[in-house]
Amino acid sequence: MTVAFCDTDEVYRSRFVAYLMEHKAKEVTVCSFSEPELLLAYAKKEDYDVIILGEDCAPLERELYQGKTPVLKLVEQLPEYVAEQSLEYAAEASDDPVGPYSTRAETFKYQPVETIWHEVQVLAAGNRGNPVAGMSWKLEIIGVCSPVRHEMQVSFSLLLAGILAEKRKILYLNLMKFSGLQQSFEFSGDCDMGDVVLRLRKGTLTRETFLRSVYETEHFSYILPFFNPEQLGEFTERDFSALLDFVRNETEFETAVIDFGMGVQSLALLLDSCSSCYCPVKKGYFYEGQTEEFFRYLEKAEKTRLRERLQLVELPFSAKGIRGGGNVLEQLLWSEFGDYVRNFLLGDGYGGE
C-alpha cells in the first residue's frame, strides 16, 4: 500500500511515520509531506491508495475529495459520531463525478496509530471494490474442531491460519467460548462476531462496516470471537451461511480457517460446509471414547460422508511449554510445534500451492 501523509506538525508527523516504518514496513510505503501545496502537486501525478491529512490541511480537502483516492482526515477534537457514522461518500458539489468507492472519513488524531491504521486499511480496501463485479470468489473453508477438547486446539488453528497465509489471503474465525485470544495472543479490537452477525440479521452489513470489524496480525486477518457466550449459543447455521456468503461475495479472502470449538448449534451442518476439517485428538482410553461418541453424533446427523473429510491429528504437545511475553503467535510459528504443523500440511498437499 502506498500512503501519502501530510501534517504541518513536525513532531507528530515524524513520530507517526517512524511508527509505520518500524511496525508496518512490509505493508506500506509512506510519502511524507510537510506542506499541503506540495502534497497537492504530487497527488495530481502520483497514485496513492490513501491520503492522510492533518486538520491544518483543511484548505486542500475539497480539491482532494474530487479525486478517486480515499482521504482520511485527522481531527483534533474527538468526533461526535462513531467511525461508521462519520464515513461519508465524497458526493459533495464537484464538477467531476466521484467514483462509487471514493470515500473520505474522519478519525481522532491523538489515539493509537494502530487504530488509525485500521481506518486506513478500511478505506483502501473499500476503494479497491470487488474486482470481479457480479461474480463470487471461490472461498475454501477449513475447519478445526476437537472432540476431546484438546488444550492445543486454538494454538493449532492459529498455526494453520498463519502457515497457510504464506500462500493465500486468510480470514481466521473462532467460535469457541472463552478462546483466550485477547489475553493470551493479544488480539485486539472494538467489534466482534456478535456485531457482525447482528448487522447480517438486520440486513445492514456493508463492505465498509464489515472491514471495520476485521483486524490484522502480521500474517492473517481475523474477526474477534463473540464477547458474549450467550450470543454464540444463538449463532445458527443460517447465520453461518450468510456470513460465508458475504465473505465470498464482498471480499477477496481466499480461505477461511474456522475454529469451531465444541459449543455451536448444528455442529455437523457447519462442519459439512468445510472442504477439510482437522480434529486434534489424544491417545488414551477416555479420549478414544469421546472421539467415538463424536463419530456417532455425525452418523445420527446423517453426515457420514463428512467423516471422510475429517483428519485426526495427534498432537504430541501441551500448553505447559508456552510462556507469555512477546508475540506468542510468532513464537508458535517458529517453534517445534510450528514445524510439526508445517510438516503436517506439507504432507497434506498445501505446501506446494
# chains A, B, ... in the order shown; residues from 1 in each chain; ligands from 1
call {"tool": "residues_around", "arguments": {"residues": "A:Leu160", "least_positions_apart": "6", "cutoff": "9 Å", "atoms": "only C-alpha atoms", "output": "MDAnalysis selection string"}}
result
chainID A and resid 257 338 341:342 345
call {"tool": "write_last_selection", "arguments": {"atoms": "C-alpha atoms", "output": "mmCIF file, in the first residue's frame"}}
result
data_model
loop_
_atom_site.group_PDB
_atom_site.id
_atom_site.type_symbol
_atom_site.label_atom_id
_atom_site.label_comp_id
_atom_site.auth_asym_id
_atom_site.auth_seq_id
_atom_site.Cartn_x
_atom_site.Cartn_y
_atom_site.Cartn_z
ATOM 1 C CA VAL A 257 -9.889 -21.004 8.756
ATOM 2 C CA GLY A 338 5.051 -24.810 14.346
ATOM 3 C CA VAL A 341 2.130 -28.398 11.844
ATOM 4 C CA ARG A 342 4.076 -27.113 8.849
ATOM 5 C CA LEU A 345 0.456 -29.552 5.974
#
call {"tool": "residues_around", "arguments": {"residues": "A:Tyr19", "least_positions_apart": "6", "cutoff": "10 Å", "atoms": "only C-alpha atoms", "output": "list in words"}}
result
Ala25, Val113 and Glu114 of chain A
call {"tool": "write_last_selection", "arguments": {"atoms": "C-alpha atoms", "output": "mmCIF file, in the first residue's frame"}}
result
data_model
loop_
_atom_site.group_PDB
_atom_site.id
_atom_site.type_symbol
_atom_site.label_atom_id
_atom_site.label_comp_id
_atom_site.auth_asym_id
_atom_site.auth_seq_id
_atom_site.Cartn_x
_atom_site.Cartn_y
_atom_site.Cartn_z
ATOM 1 C CA ALA A 25 7.357 -1.627 6.771
ATOM 2 C CA VAL A 113 -1.551 4.618 15.499
ATOM 3 C CA GLU A 114 -2.841 1.042 15.197
#
call {"tool": "residues_around", "arguments": {"residues": "A:Gln182", "least_positions_apart": "4", "cutoff": "12 Å", "atoms": "only C-alpha atoms", "output": "list in words"}}
result
Asn174, Phe178, Glu186, Phe187, Ser188, Gly189, Asp190, Asp192, Tyr222, Ile223, Leu224, Pro225, Phe226, Phe227, Val328 and Leu329 of chain A
call {"tool": "write_last_selection", "arguments": {"atoms": "N, CA and C atoms", "output": "PDB file, in the first residue's frame"}}
result
ATOM      1  N   ASN A 174     -13.035 -17.670  15.084  1.00  0.00           N
ATOM      2  CA  ASN A 174     -13.004 -18.587  16.214  1.00  0.00           C
ATOM      3  C   ASN A 174     -14.376 -18.596  16.884  1.00  0.00           C
ATOM      4  N   PHE A 178     -14.790 -18.433  25.340  1.00  0.00           N
ATOM      5  CA  PHE A 178     -13.616 -18.081  26.142  1.00  0.00           C
ATOM      6  C   PHE A 178     -12.339 -18.622  25.494  1.00  0.00           C
ATOM      7  N   GLU A 186      -3.063 -11.537  22.537  1.00  0.00           N
ATOM      8  CA  GLU A 186      -3.116 -10.082  22.389  1.00  0.00           C
ATOM      9  C   GLU A 186      -3.844  -9.637  21.128  1.00  0.00           C
ATOM     10  N   PHE A 187      -4.884 -10.387  20.731  1.00  0.00           N
ATOM     11  CA  PHE A 187      -5.757  -9.912  19.667  1.00  0.00           C
ATOM     12  C   PHE A 187      -6.568  -8.747  20.235  1.00  0.00           C
ATOM     13  N   SER A 188      -6.780  -7.719  19.439  1.00  0.00           N
ATOM     14  CA  SER A 188      -7.487  -6.547  19.952  1.00  0.00           C
ATOM     15  C   SER A 188      -8.443  -5.989  18.916  1.00  0.00           C
ATOM     16  N   GLY A 189      -9.373  -5.165  19.386  1.00  0.00           N
ATOM     17  CA  GLY A 189     -10.357  -4.547  18.510  1.00  0.00           C
ATOM     18  C   GLY A 189     -11.613  -4.211  19.284  1.00  0.00           C
ATOM     19  N   ASP A 190     -12.452  -3.370  18.704  1.00  0.00           N
ATOM     20  CA  ASP A 190     -13.684  -2.945  19.370  1.00  0.00           C
ATOM     21  C   ASP A 190     -14.895  -3.760  18.940  1.00  0.00           C
ATOM     22  N   ASP A 192     -16.779  -7.360  17.418  1.00  0.00           N
ATOM     23  CA  ASP A 192     -16.612  -8.805  17.498  1.00  0.00           C
ATOM     24  C   ASP A 192     -17.629  -9.490  16.588  1.00  0.00           C
ATOM     25  N   TYR A 222      -8.497 -11.342  10.976  1.00  0.00           N
ATOM     26  CA  TYR A 222      -9.381 -12.054  11.905  1.00  0.00           C
ATOM     27  C   TYR A 222     -10.540 -11.167  12.346  1.00  0.00           C
ATOM     28  N   ILE A 223     -11.606 -11.822  12.767  1.00  0.00           N
ATOM     29  CA  ILE A 223     -12.696 -11.156  13.473  1.00  0.00           C
ATOM     30  C   ILE A 223     -12.669 -11.680  14.898  1.00  0.00           C
ATOM     31  N   LEU A 224     -12.782 -10.802  15.862  1.00  0.00           N
ATOM     32  CA  LEU A 224     -12.748 -11.238  17.259  1.00  0.00           C
ATOM     33  C   LEU A 224     -13.914 -12.169  17.569  1.00  0.00           C
ATOM     34  N   PRO A 225     -13.705 -13.172  18.409  1.00  0.00           N
ATOM     35  CA  PRO A 225     -14.801 -14.084  18.779  1.00  0.00           C
ATOM     36  C   PRO A 225     -15.920 -13.345  19.501  1.00  0.00           C
ATOM     37  N   PHE A 226     -17.041 -14.025  19.665  1.00  0.00           N
ATOM     38  CA  PHE A 226     -18.152 -13.465  20.428  1.00  0.00           C
ATOM     39  C   PHE A 226     -17.667 -13.107  21.837  1.00  0.00           C
ATOM     40  N   PHE A 227     -17.848 -11.854  22.239  1.00  0.00           N
ATOM     41  CA  PHE A 227     -17.528 -11.485  23.612  1.00  0.00           C
ATOM     42  C   PHE A 227     -18.499 -12.157  24.572  1.00  0.00           C
ATOM     43  N   VAL A 328       3.262 -14.134  21.047  1.00  0.00           N
ATOM     44  CA  VAL A 328       3.095 -15.568  21.276  1.00  0.00           C
ATOM     45  C   VAL A 328       2.849 -16.304  19.964  1.00  0.00           C
ATOM     46  N   LEU A 329       2.057 -15.704  19.066  1.00  0.00           N
ATOM     47  CA  LEU A 329       1.788 -16.341  17.781  1.00  0.00           C
ATOM     48  C   LEU A 329       3.079 -16.523  16.996  1.00  0.00           C
TER      49      LEU A 329
END
call {"tool": "closest_residue", "arguments": {"among": "A:Glu140, A:Glu336, A:Glu151, A:Asp56", "to": "A:Cys274", "atoms": "only C-alpha atoms"}}
result
A:Glu140
call {"tool": "residues_around", "arguments": {"residues": "A:Lys138", "least_positions_apart": "6", "cutoff": "12 Å", "atoms": "only C-alpha atoms", "output": "MDAnalysis selection string"}}
result
chainID A and resid 132 244:245 247:256 275
call {"tool": "write_last_selection", "arguments": {"atoms": "N, CA, C and O atoms", "output": "tab-separated table (two decimals), in the first residue's frame"}}
result
chain	number	residue	atom	x	y	z
A	132	VAL	N	-14.20	-8.35	-9.43
A	132	VAL	CA	-14.98	-9.11	-10.40
A	132	VAL	C	-16.46	-8.86	-10.09
A	132	VAL	O	-17.09	-9.61	-9.35
A	244	LEU	N	-20.60	-16.58	5.46
A	244	LEU	CA	-19.71	-17.10	4.42
A	244	LEU	C	-20.07	-16.52	3.05
A	244	LEU	O	-19.18	-16.20	2.25
A	245	ASP	N	-21.37	-16.38	2.77
A	245	ASP	CA	-21.80	-15.79	1.51
A	245	ASP	C	-21.30	-14.35	1.39
A	245	ASP	O	-20.87	-13.91	0.31
A	247	VAL	N	-18.65	-12.99	2.90
A	247	VAL	CA	-17.20	-13.01	2.71
A	247	VAL	C	-16.87	-13.39	1.27
A	247	VAL	O	-15.99	-12.81	0.63
A	248	ARG	N	-17.60	-14.35	0.75
A	248	ARG	CA	-17.37	-14.84	-0.61
A	248	ARG	C	-17.68	-13.77	-1.66
A	248	ARG	O	-16.96	-13.61	-2.65
A	249	ASN	N	-18.75	-13.01	-1.44
A	249	ASN	CA	-19.22	-12.07	-2.45
A	249	ASN	C	-18.62	-10.67	-2.33
A	249	ASN	O	-18.57	-9.94	-3.32
A	250	GLU	N	-18.22	-10.28	-1.11
A	250	GLU	CA	-17.84	-8.90	-0.87
A	250	GLU	C	-16.37	-8.69	-0.52
A	250	GLU	O	-15.95	-7.55	-0.33
A	251	THR	N	-15.59	-9.76	-0.39
A	251	THR	CA	-14.19	-9.60	-0.02
A	251	THR	C	-13.30	-10.42	-0.95
A	251	THR	O	-13.81	-11.18	-1.79
A	252	GLU	N	-12.01	-10.28	-0.79
A	252	GLU	CA	-11.05	-11.02	-1.61
A	252	GLU	C	-10.37	-12.14	-0.83
A	252	GLU	O	-9.33	-12.65	-1.26
A	253	PHE	N	-10.91	-12.52	0.33
A	253	PHE	CA	-10.32	-13.62	1.08
A	253	PHE	C	-10.44	-14.91	0.28
A	253	PHE	O	-11.49	-15.20	-0.31
A	254	GLU	N	-9.35	-15.68	0.27
A	254	GLU	CA	-9.34	-16.93	-0.48
A	254	GLU	C	-9.69	-18.13	0.39
A	254	GLU	O	-10.22	-19.13	-0.11
A	255	THR	N	-9.36	-18.04	1.68
A	255	THR	CA	-9.59	-19.16	2.59
A	255	THR	C	-10.05	-18.64	3.94
A	255	THR	O	-9.53	-17.64	4.44
A	256	ALA	N	-11.03	-19.31	4.53
A	256	ALA	CA	-11.45	-19.04	5.90
A	256	ALA	C	-11.04	-20.23	6.75
A	256	ALA	O	-11.42	-21.37	6.46
A	275	SER	N	-14.31	-27.89	3.29
A	275	SER	CA	-13.66	-28.78	2.34
A	275	SER	C	-12.76	-29.78	3.05
A	275	SER	O	-12.51	-30.88	2.57
